[in-house]
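This is model-v9.txt (compact mmCIF, N, CA and C atoms).
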```txt
# COMPACT_ATOMS: atom_id res chain seq x y z
N MET O 1 -104.49 -21.05 6.64
CA MET O 1 -104.57 -19.61 6.47
C MET O 1 -104.23 -18.87 7.75
N ILE O 2 -104.79 -19.31 8.86
CA ILE O 2 -104.52 -18.66 10.15
C ILE O 2 -103.05 -18.83 10.52
N LYS O 3 -102.49 -19.99 10.22
CA LYS O 3 -101.06 -20.22 10.50
C LYS O 3 -100.19 -19.23 9.73
N THR O 4 -100.53 -18.99 8.48
CA THR O 4 -99.78 -18.06 7.64
C THR O 4 -99.85 -16.65 8.19
N ILE O 5 -101.03 -16.24 8.62
CA ILE O 5 -101.20 -14.90 9.17
C ILE O 5 -100.41 -14.75 10.47
N CYS O 6 -100.47 -15.76 11.33
CA CYS O 6 -99.72 -15.71 12.59
C CYS O 6 -98.21 -15.66 12.33
N LEU O 7 -97.76 -16.42 11.37
CA LEU O 7 -96.35 -16.41 11.02
C LEU O 7 -95.92 -15.05 10.49
N ALA O 8 -96.76 -14.44 9.66
CA ALA O 8 -96.45 -13.12 9.11
C ALA O 8 -96.40 -12.07 10.22
N VAL O 9 -97.34 -12.12 11.15
CA VAL O 9 -97.35 -11.16 12.27
C VAL O 9 -96.11 -11.34 13.14
N ALA O 10 -95.74 -12.56 13.41
CA ALA O 10 -94.55 -12.83 14.22
C ALA O 10 -93.29 -12.32 13.53
N THR O 11 -93.21 -12.51 12.23
CA THR O 11 -92.05 -12.04 11.46
C THR O 11 -91.94 -10.52 11.49
N VAL O 12 -93.05 -9.84 11.31
CA VAL O 12 -93.05 -8.37 11.33
C VAL O 12 -92.67 -7.88 12.72
N ALA O 13 -93.16 -8.53 13.75
CA ALA O 13 -92.84 -8.12 15.12
C ALA O 13 -91.35 -8.25 15.40
N MET O 14 -90.72 -9.30 14.89
CA MET O 14 -89.29 -9.49 15.11
C MET O 14 -88.46 -8.49 14.33
N LEU O 15 -88.97 -7.98 13.23
CA LEU O 15 -88.23 -7.05 12.40
C LEU O 15 -88.60 -5.59 12.66
N SER O 16 -89.19 -5.32 13.81
CA SER O 16 -89.57 -3.95 14.14
C SER O 16 -88.33 -3.09 14.29
N PRO O 17 -88.43 -1.78 14.10
CA PRO O 17 -87.27 -0.89 14.18
C PRO O 17 -86.53 -0.98 15.51
N SER O 18 -87.25 -1.15 16.59
CA SER O 18 -86.56 -1.23 17.88
C SER O 18 -85.71 -2.48 17.99
N ALA O 19 -86.12 -3.55 17.35
CA ALA O 19 -85.34 -4.78 17.38
C ALA O 19 -84.10 -4.66 16.50
N LEU O 20 -84.18 -3.83 15.45
CA LEU O 20 -83.06 -3.69 14.53
C LEU O 20 -82.13 -2.53 14.89
N ALA O 21 -82.51 -1.72 15.85
CA ALA O 21 -81.72 -0.54 16.21
C ALA O 21 -80.40 -0.97 16.85
N ALA O 22 -79.34 -0.43 16.34
CA ALA O 22 -78.01 -0.74 16.89
C ALA O 22 -77.70 0.22 18.01
N GLU O 23 -76.89 -0.22 18.94
CA GLU O 23 -76.41 0.64 20.01
C GLU O 23 -74.89 0.62 19.95
N TYR O 24 -74.29 1.75 20.27
CA TYR O 24 -72.84 1.88 20.20
C TYR O 24 -72.30 2.25 21.57
N TYR O 25 -71.17 1.65 21.93
CA TYR O 25 -70.56 1.86 23.23
C TYR O 25 -69.13 2.36 23.05
N VAL O 26 -68.70 3.24 23.94
CA VAL O 26 -67.31 3.68 23.96
C VAL O 26 -66.59 2.80 24.98
N VAL O 27 -65.55 2.12 24.52
CA VAL O 27 -64.79 1.24 25.40
C VAL O 27 -63.31 1.61 25.37
N GLN O 28 -62.62 1.22 26.44
CA GLN O 28 -61.20 1.53 26.56
C GLN O 28 -60.46 0.28 27.01
N GLU O 29 -59.33 0.03 26.37
CA GLU O 29 -58.49 -1.09 26.78
C GLU O 29 -57.76 -0.69 28.05
N GLU O 30 -57.81 -1.54 29.06
CA GLU O 30 -57.25 -1.18 30.36
C GLU O 30 -55.74 -0.94 30.34
N THR O 31 -55.01 -1.75 29.60
CA THR O 31 -53.55 -1.62 29.65
C THR O 31 -53.01 -0.48 28.81
N THR O 32 -53.53 -0.31 27.60
CA THR O 32 -52.99 0.72 26.70
C THR O 32 -53.77 2.02 26.75
N LYS O 33 -54.95 1.99 27.34
CA LYS O 33 -55.86 3.15 27.40
C LYS O 33 -56.36 3.57 26.02
N LYS O 34 -56.24 2.68 25.04
CA LYS O 34 -56.74 2.96 23.69
C LYS O 34 -58.26 2.83 23.69
N CYS O 35 -58.94 3.75 23.01
CA CYS O 35 -60.40 3.77 22.98
C CYS O 35 -60.92 3.40 21.60
N LYS O 36 -62.13 2.89 21.59
CA LYS O 36 -62.80 2.61 20.32
C LYS O 36 -64.30 2.53 20.57
N VAL O 37 -65.04 2.54 19.47
CA VAL O 37 -66.50 2.42 19.52
C VAL O 37 -66.86 1.02 19.05
N VAL O 38 -67.73 0.35 19.81
CA VAL O 38 -68.16 -1.00 19.45
C VAL O 38 -69.68 -1.06 19.46
N GLU O 39 -70.23 -2.07 18.80
CA GLU O 39 -71.69 -2.22 18.71
C GLU O 39 -72.28 -3.10 19.81
N ALA O 40 -71.44 -3.73 20.60
CA ALA O 40 -71.95 -4.59 21.67
C ALA O 40 -71.27 -4.21 22.98
N ARG O 41 -72.02 -4.32 24.06
CA ARG O 41 -71.45 -4.03 25.38
C ARG O 41 -70.26 -4.99 25.60
N PRO O 42 -69.15 -4.47 26.09
CA PRO O 42 -67.96 -5.32 26.22
C PRO O 42 -68.17 -6.43 27.25
N THR O 43 -67.74 -7.63 26.88
CA THR O 43 -67.83 -8.76 27.80
C THR O 43 -66.43 -9.23 28.21
N GLU O 44 -65.43 -8.79 27.47
CA GLU O 44 -64.05 -9.15 27.80
C GLU O 44 -63.60 -8.33 29.00
N THR O 45 -62.62 -8.85 29.72
CA THR O 45 -62.11 -8.11 30.87
C THR O 45 -61.04 -7.10 30.46
N THR O 46 -60.53 -7.20 29.23
CA THR O 46 -59.49 -6.26 28.80
C THR O 46 -60.07 -4.94 28.32
N TRP O 47 -61.32 -4.93 27.90
CA TRP O 47 -61.99 -3.71 27.45
C TRP O 47 -63.08 -3.34 28.45
N VAL O 48 -63.13 -2.08 28.84
CA VAL O 48 -64.15 -1.61 29.77
C VAL O 48 -64.97 -0.49 29.14
N GLN O 49 -66.24 -0.48 29.44
CA GLN O 49 -67.09 0.60 28.94
C GLN O 49 -66.77 1.87 29.73
N VAL O 50 -66.44 2.93 29.01
CA VAL O 50 -66.12 4.20 29.67
C VAL O 50 -67.16 5.26 29.39
N GLY O 51 -68.01 5.02 28.44
CA GLY O 51 -69.09 5.96 28.16
C GLY O 51 -70.20 5.78 29.18
N PRO O 52 -70.98 6.81 29.39
CA PRO O 52 -72.03 6.72 30.40
C PRO O 52 -73.22 5.85 29.99
N LEU O 53 -73.36 5.59 28.70
CA LEU O 53 -74.52 4.85 28.21
C LEU O 53 -74.29 4.37 26.80
N ALA O 54 -75.30 3.75 26.24
CA ALA O 54 -75.25 3.35 24.83
C ALA O 54 -75.72 4.51 23.97
N PHE O 55 -75.07 4.69 22.85
CA PHE O 55 -75.43 5.78 21.93
C PHE O 55 -76.24 5.22 20.78
N LYS O 56 -77.15 6.01 20.25
CA LYS O 56 -78.04 5.57 19.17
C LYS O 56 -77.33 5.53 17.81
N THR O 57 -76.35 6.41 17.61
CA THR O 57 -75.65 6.43 16.32
C THR O 57 -74.15 6.34 16.57
N GLN O 58 -73.44 5.90 15.55
CA GLN O 58 -72.00 5.80 15.66
C GLN O 58 -71.38 7.20 15.73
N ASP O 59 -71.98 8.16 15.04
CA ASP O 59 -71.47 9.54 15.08
C ASP O 59 -71.48 10.09 16.50
N GLU O 60 -72.57 9.85 17.24
CA GLU O 60 -72.64 10.32 18.63
C GLU O 60 -71.53 9.68 19.46
N ALA O 61 -71.33 8.39 19.28
CA ALA O 61 -70.31 7.68 20.04
C ALA O 61 -68.92 8.18 19.67
N ASP O 62 -68.67 8.42 18.38
CA ASP O 62 -67.37 8.92 17.95
C ASP O 62 -67.07 10.29 18.56
N LYS O 63 -68.08 11.15 18.65
CA LYS O 63 -67.88 12.46 19.26
C LYS O 63 -67.56 12.34 20.74
N GLN O 64 -68.19 11.40 21.41
CA GLN O 64 -67.96 11.22 22.83
C GLN O 64 -66.58 10.65 23.14
N VAL O 65 -66.02 9.89 22.19
CA VAL O 65 -64.67 9.35 22.39
C VAL O 65 -63.70 10.50 22.68
N LYS O 66 -63.84 11.59 21.94
CA LYS O 66 -62.94 12.72 22.11
C LYS O 66 -63.13 13.40 23.46
N LEU O 67 -64.33 13.34 24.00
CA LEU O 67 -64.61 14.01 25.27
C LEU O 67 -64.28 13.17 26.50
N ILE O 68 -64.58 11.90 26.44
CA ILE O 68 -64.46 11.09 27.65
C ILE O 68 -63.25 10.16 27.67
N CYS O 69 -62.53 10.10 26.59
CA CYS O 69 -61.43 9.14 26.50
C CYS O 69 -60.10 9.87 26.34
N LYS O 70 -59.21 9.62 27.24
CA LYS O 70 -57.87 10.21 27.15
C LYS O 70 -56.89 9.10 26.82
N GLU O 71 -56.52 9.03 25.55
CA GLU O 71 -55.61 7.98 25.12
C GLU O 71 -54.16 8.39 25.37
N THR O 72 -53.34 7.42 25.71
CA THR O 72 -51.91 7.67 25.87
C THR O 72 -51.23 7.42 24.55
N LYS O 73 -50.21 8.16 24.28
CA LYS O 73 -49.50 8.00 22.99
C LYS O 73 -48.16 7.37 23.20
```

Here is the file; what I need is its structure written in the form of structure tokens.
Amino acid sequence: MIKTICLAVATVAMLSPSALAAEYYVVQEETTKKCKVVEARPTETTWVQVGPLAFKTQDEADKQVKLICKETK
């Protein structure tokens, strides 16, 4: 019984809203200067984070792309 309760508490703790909250980053490809929004901080060397921080929603990140990213055509 105690094992079941501990397992249930651990499961709820792992599924808390803060653990499930996504973060969005504005990144830019160095060579083409093309920008996009991604859900994970860039680890590749071809994409660099150009936004000042992680955004809570994709809408916020999409709006910032227009402000902080100057794409070449």

Next on the checklist: Would you pick out the contacts of region 37-51 of chain O at 8 Å or less, using only C-alpha atoms, so that residues sharing its chain but fewer than 5 positions from it are not included, and give the list as an MDAnalysis selection string?
Outcome noted: chainID O and resid 22:31 58 61:62 64:65 68:69

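Rounded to one decimal, atom N of Phe55 (chain O) and atom C of Lys34 (chain O) lie 16.9 Å from each other.
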
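Between CA of Lys33 (chain O) and CA of Ala54 (chain O) the separation is 19.6 Å.
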
Checklist entry - What gap, in Å, lies between atom C of Ala21 (chain O) and CA of Pro52 (chain O)? => result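 Atom C of Ala21 (chain O) sits 17.7 Å away from CA of Pro52 (chain O).
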
Next on the checklist: Could you pull out the strand (DSSP E) residues of region 14-53 of chain O, going by DSSP on the backbone, and write them as a ChimeraX atom specification?
Outcome noted: /O:25-29,35-38,47-49
